[in-house]
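Colleague: A single structure is presented below for examination.
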Amino acid sequence: MLKYGFLAIISVMTASFDPAMAQTKKGDHGGPLVTSQGHPIEFVHNGEEVIFYVGDDDGSPLPTKEMKGRATIQQDGKTITVQLKPLNPNMMVGKTETELAAQARVVFSGNVHGHSLTARYTVE
């Protein structure tokens, strides 16, 4: 019994130190900034529009012309997937059916040049 309790505590501690969930940094556009495989990804939303600014590992804008991506959004007990389209120079943009509410969870997933990028956010 003690063994399982210890494993549960370790599991909770590991989840609380997930670097993808840390949102202490703000990007140039005012949104939370998460780094995935060395690539900074900033999340901004405006009404029904979701925008992800993707940076290269050296901090410069990463061209998204050939990037494929999606945003998975959990809000009000529902999960929706929004397909993202590249927009020059380094944006991935999509539209939701409704405006994002506080505490909605957003997961960015993208692929470019052999890199799979994932970033998690909580709407403030």
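Convention: chains lettered A, B, ... in structure tokens order; per-chain residue numbering from 1; ligands numbered from 1 as shown.
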Using DSSP assignments from the backbone, pull out every residue in chain A that falls under helix (DSSP H, G or I) and give it to me as an MDAnalysis selection string.
Modeller: chainID A and resid 2:16 19:21
Colleague: Write out, as a compact mmCIF listing (two decimals), in the first residue's frame, the residues just selected, with all heavy atoms.
Modeller:
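New file part.txt:
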# COMPACT_ATOMS: atom_id res chain seq x y z
N LEU A 2 1.91 1.24 0.83
CA LEU A 2 2.83 2.38 0.89
C LEU A 2 3.52 2.59 -0.45
O LEU A 2 3.73 3.72 -0.88
CB LEU A 2 3.87 2.15 1.99
CG LEU A 2 4.89 3.25 2.21
CD1 LEU A 2 4.18 4.55 2.61
CD2 LEU A 2 5.88 2.85 3.28
N LYS A 3 3.83 1.49 -1.13
CA LYS A 3 4.48 1.56 -2.44
C LYS A 3 3.63 2.35 -3.43
O LYS A 3 4.12 3.20 -4.15
CB LYS A 3 4.72 0.14 -2.94
CG LYS A 3 5.27 0.06 -4.34
CD LYS A 3 5.44 -1.40 -4.73
CE LYS A 3 5.66 -1.56 -6.19
NZ LYS A 3 5.75 -2.95 -6.60
N TYR A 4 2.33 2.08 -3.48
CA TYR A 4 1.44 2.76 -4.41
C TYR A 4 1.24 4.23 -4.05
O TYR A 4 1.14 5.08 -4.91
CB TYR A 4 0.09 2.04 -4.50
CG TYR A 4 0.23 0.66 -5.07
CD1 TYR A 4 0.04 -0.46 -4.27
CD2 TYR A 4 0.59 0.47 -6.39
CE1 TYR A 4 0.19 -1.72 -4.78
CE2 TYR A 4 0.74 -0.80 -6.92
CZ TYR A 4 0.53 -1.90 -6.11
OH TYR A 4 0.68 -3.14 -6.62
N GLY A 5 1.20 4.52 -2.77
CA GLY A 5 1.09 5.91 -2.33
C GLY A 5 2.31 6.71 -2.73
O GLY A 5 2.22 7.85 -3.19
N PHE A 6 3.49 6.10 -2.58
CA PHE A 6 4.74 6.75 -2.98
C PHE A 6 4.76 7.00 -4.48
O PHE A 6 5.15 8.07 -4.94
CB PHE A 6 5.93 5.88 -2.56
CG PHE A 6 7.26 6.46 -2.93
CD1 PHE A 6 7.74 7.56 -2.24
CD2 PHE A 6 8.01 5.94 -3.96
CE1 PHE A 6 8.97 8.12 -2.59
CE2 PHE A 6 9.22 6.47 -4.30
CZ PHE A 6 9.71 7.58 -3.61
N LEU A 7 4.32 6.02 -5.28
CA LEU A 7 4.28 6.18 -6.73
C LEU A 7 3.31 7.29 -7.14
O LEU A 7 3.59 8.05 -8.07
CB LEU A 7 3.90 4.87 -7.41
CG LEU A 7 4.95 3.76 -7.34
CD1 LEU A 7 4.40 2.47 -7.93
CD2 LEU A 7 6.22 4.19 -8.06
N ALA A 8 2.21 7.40 -6.45
CA ALA A 8 1.24 8.46 -6.75
C ALA A 8 1.85 9.84 -6.47
O ALA A 8 1.67 10.78 -7.24
CB ALA A 8 -0.04 8.27 -5.94
N ILE A 9 2.58 9.96 -5.37
CA ILE A 9 3.22 11.24 -5.03
C ILE A 9 4.26 11.59 -6.07
O ILE A 9 4.32 12.73 -6.54
CB ILE A 9 3.83 11.18 -3.62
CG1 ILE A 9 2.72 11.12 -2.57
CG2 ILE A 9 4.75 12.37 -3.37
CD1 ILE A 9 3.20 10.83 -1.17
N ILE A 10 5.08 10.64 -6.48
CA ILE A 10 6.10 10.88 -7.51
C ILE A 10 5.43 11.30 -8.81
O ILE A 10 5.88 12.23 -9.49
CB ILE A 10 6.97 9.62 -7.74
CG1 ILE A 10 7.79 9.31 -6.48
CG2 ILE A 10 7.88 9.78 -8.94
CD1 ILE A 10 8.77 10.40 -6.10
N SER A 11 4.34 10.65 -9.16
CA SER A 11 3.62 10.98 -10.39
C SER A 11 3.11 12.41 -10.37
O SER A 11 3.23 13.15 -11.34
CB SER A 11 2.46 9.99 -10.57
OG SER A 11 1.68 10.36 -11.66
N VAL A 12 2.54 12.84 -9.26
CA VAL A 12 2.04 14.21 -9.12
C VAL A 12 3.18 15.21 -9.17
O VAL A 12 3.10 16.24 -9.83
CB VAL A 12 1.22 14.36 -7.81
CG1 VAL A 12 0.91 15.81 -7.53
CG2 VAL A 12 -0.05 13.54 -7.89
N MET A 13 4.27 14.91 -8.49
CA MET A 13 5.42 15.82 -8.49
C MET A 13 6.01 15.96 -9.89
O MET A 13 6.34 17.05 -10.33
CB MET A 13 6.50 15.32 -7.52
CG MET A 13 6.12 15.48 -6.07
SD MET A 13 7.33 14.76 -4.95
CE MET A 13 8.79 15.66 -5.38
N THR A 14 6.11 14.86 -10.63
CA THR A 14 6.65 14.90 -11.98
C THR A 14 5.76 15.74 -12.88
O THR A 14 6.23 16.55 -13.66
CB THR A 14 6.77 13.46 -12.55
OG1 THR A 14 7.57 12.70 -11.66
CG2 THR A 14 7.38 13.47 -13.93
N ALA A 15 4.46 15.58 -12.77
CA ALA A 15 3.53 16.36 -13.59
C ALA A 15 3.62 17.85 -13.27
O ALA A 15 3.52 18.70 -14.15
CB ALA A 15 2.09 15.87 -13.37
N SER A 16 3.84 18.19 -12.00
CA SER A 16 3.89 19.60 -11.64
C SER A 16 5.17 20.28 -12.11
O SER A 16 5.23 21.49 -12.16
CB SER A 16 3.73 19.77 -10.12
OG SER A 16 4.85 19.23 -9.46
N PRO A 19 8.02 21.11 -17.92
CA PRO A 19 8.44 22.40 -18.46
C PRO A 19 7.49 22.93 -19.52
O PRO A 19 7.38 24.14 -19.71
CB PRO A 19 9.82 22.13 -19.05
CG PRO A 19 9.99 20.67 -19.10
CD PRO A 19 8.99 20.07 -18.18
N ALA A 20 6.76 22.06 -20.21
CA ALA A 20 5.82 22.53 -21.23
C ALA A 20 4.64 23.27 -20.60
O ALA A 20 3.97 24.05 -21.27
CB ALA A 20 5.31 21.36 -22.06
N MET A 21 4.39 23.02 -19.32
CA MET A 21 3.26 23.67 -18.66
C MET A 21 3.66 25.01 -18.03
O MET A 21 2.80 25.78 -17.62
CB MET A 21 2.67 22.76 -17.59
CG MET A 21 2.04 21.50 -18.12
SD MET A 21 0.67 21.80 -19.23
CE MET A 21 -0.55 22.38 -18.08
Colleague: Return the single residue from A:Leu117, A:Ala71, A:Met92, A:Leu100 that is closest to Pro40 (chain A), with distances computed using only C-alpha atoms.
Modeller: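 Nearest candidate to Pro40 (chain A) out of A:Leu117, A:Ala71, A:Met92, A:Leu100: A:Leu117.
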Colleague: Given the choices A:Ile73, A:Gln37, A:Pro32, A:Lys26, which gets closest to Asp56 (chain A) if the distance is worked out from only C-alpha atoms?
Modeller: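 Among A:Ile73, A:Gln37, A:Pro32, A:Lys26, it is A:Gln37 that comes nearest to Asp56 (chain A).
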Colleague: Name the residues in contact with Phe52 (chain A) at a cut-off of 6 Å, using only C-alpha atoms, excluding same-chain residues fewer than 2 positions from it; report them as an MDAnalysis selection string.
Modeller: chainID A and resid 42:43 91:92
Colleague: List the spatial neighbours of Lys68 (chain A) as a PDB file with N, CA and C atoms, in the first residue's frame - criterion: any atom at most 8 Å away, only C-alpha atoms, same-chain residues fewer than 6 positions off excluded.
Modeller:
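Output saved as selection.pdb:
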ATOM      1  N   LEU A  84      -4.804  24.329 -38.160  1.00  0.00           N
ATOM      2  CA  LEU A  84      -4.082  25.596 -38.277  1.00  0.00           C
ATOM      3  C   LEU A  84      -3.487  25.727 -39.668  1.00  0.00           C
ATOM      4  N   LYS A  85      -3.473  26.963 -40.154  1.00  0.00           N
ATOM      5  CA  LYS A  85      -2.899  27.256 -41.463  1.00  0.00           C
ATOM      6  C   LYS A  85      -1.694  28.166 -41.276  1.00  0.00           C
ATOM      7  N   PRO A  86      -0.637  27.936 -42.068  1.00  0.00           N
ATOM      8  CA  PRO A  86       0.530  28.810 -41.975  1.00  0.00           C
ATOM      9  C   PRO A  86       0.216  30.194 -42.535  1.00  0.00           C
ATOM     10  N   GLY A 110       2.443  20.613 -33.938  1.00  0.00           N
ATOM     11  CA  GLY A 110       2.879  20.971 -35.274  1.00  0.00           C
ATOM     12  C   GLY A 110       4.058  20.137 -35.730  1.00  0.00           C
ATOM     13  N   ASN A 111       4.216  20.056 -37.048  1.00  0.00           N
ATOM     14  CA  ASN A 111       5.330  19.337 -37.643  1.00  0.00           C
ATOM     15  C   ASN A 111       5.983  20.216 -38.697  1.00  0.00           C
ATOM     16  N   VAL A 112       7.307  20.344 -38.609  1.00  0.00           N
ATOM     17  CA  VAL A 112       8.059  21.092 -39.614  1.00  0.00           C
ATOM     18  C   VAL A 112       9.483  20.561 -39.654  1.00  0.00           C
TER      19      VAL A 112
END
Colleague: What does the structure give for the distance between CA of His39 (chain A) and CA of Asn90 (chain A), in Å to one decimal?
Modeller: 11.7 Å
Colleague: Quick one: of A:Val54, A:Val107, A:Leu62, A:Val34, who's nearest to Thr81 (chain A), counting only C-alpha atoms?
Modeller: A:Val107
Colleague: Which is closer to Thr96 (chain A) than all the others in A:Gly55, A:Gly77, A:Gly47, A:Gly27, using only C-alpha atoms?
Modeller: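 Among A:Gly55, A:Gly77, A:Gly47, A:Gly27, it is A:Gly47 that comes nearest to Thr96 (chain A).
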Colleague: Which residues are near Val123 (chain A)? Cut-off 9 Å, only C-alpha atoms, ignore same chain within fewer than 6 positions. Put them as a list of chain:residue names.
Modeller: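 The residues satisfying every condition are A:His45, A:Leu100, A:Ala101, A:Ala102, A:Gln103, A:Ala104, A:Arg105, A:Val106.
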Colleague: Run DSSP on the backbone and give me the residues of chain A it puts in strand (DSSP E or B), as a PyMOL selection string.
Modeller: chain A and resi 26+32-36+39-46+49-55+61+68-75+78-87+91-95+105-112+115-122
Colleague: Just to confirm, what's the straight-line distance from CA of His29 (chain A) to CA of Gly114 (chain A) in Å (one decimal)?
Modeller: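 Interatomic distance here is 26.7 Å.
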Colleague: By how many Å are CA of Gln74 (chain A) and CA of Gly59 (chain A) apart?
Modeller: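 CA of Gln74 (chain A) sits 29.2 Å away from CA of Gly59 (chain A).
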Colleague: Could you check which of A:Glu97, A:Ala119, A:Gln83, A:Glu124 is closest to Met67 (chain A), using only C-alpha atoms?
Modeller: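 Looking at the shortest contact to Met67 (chain A), the residue is A:Gln83.
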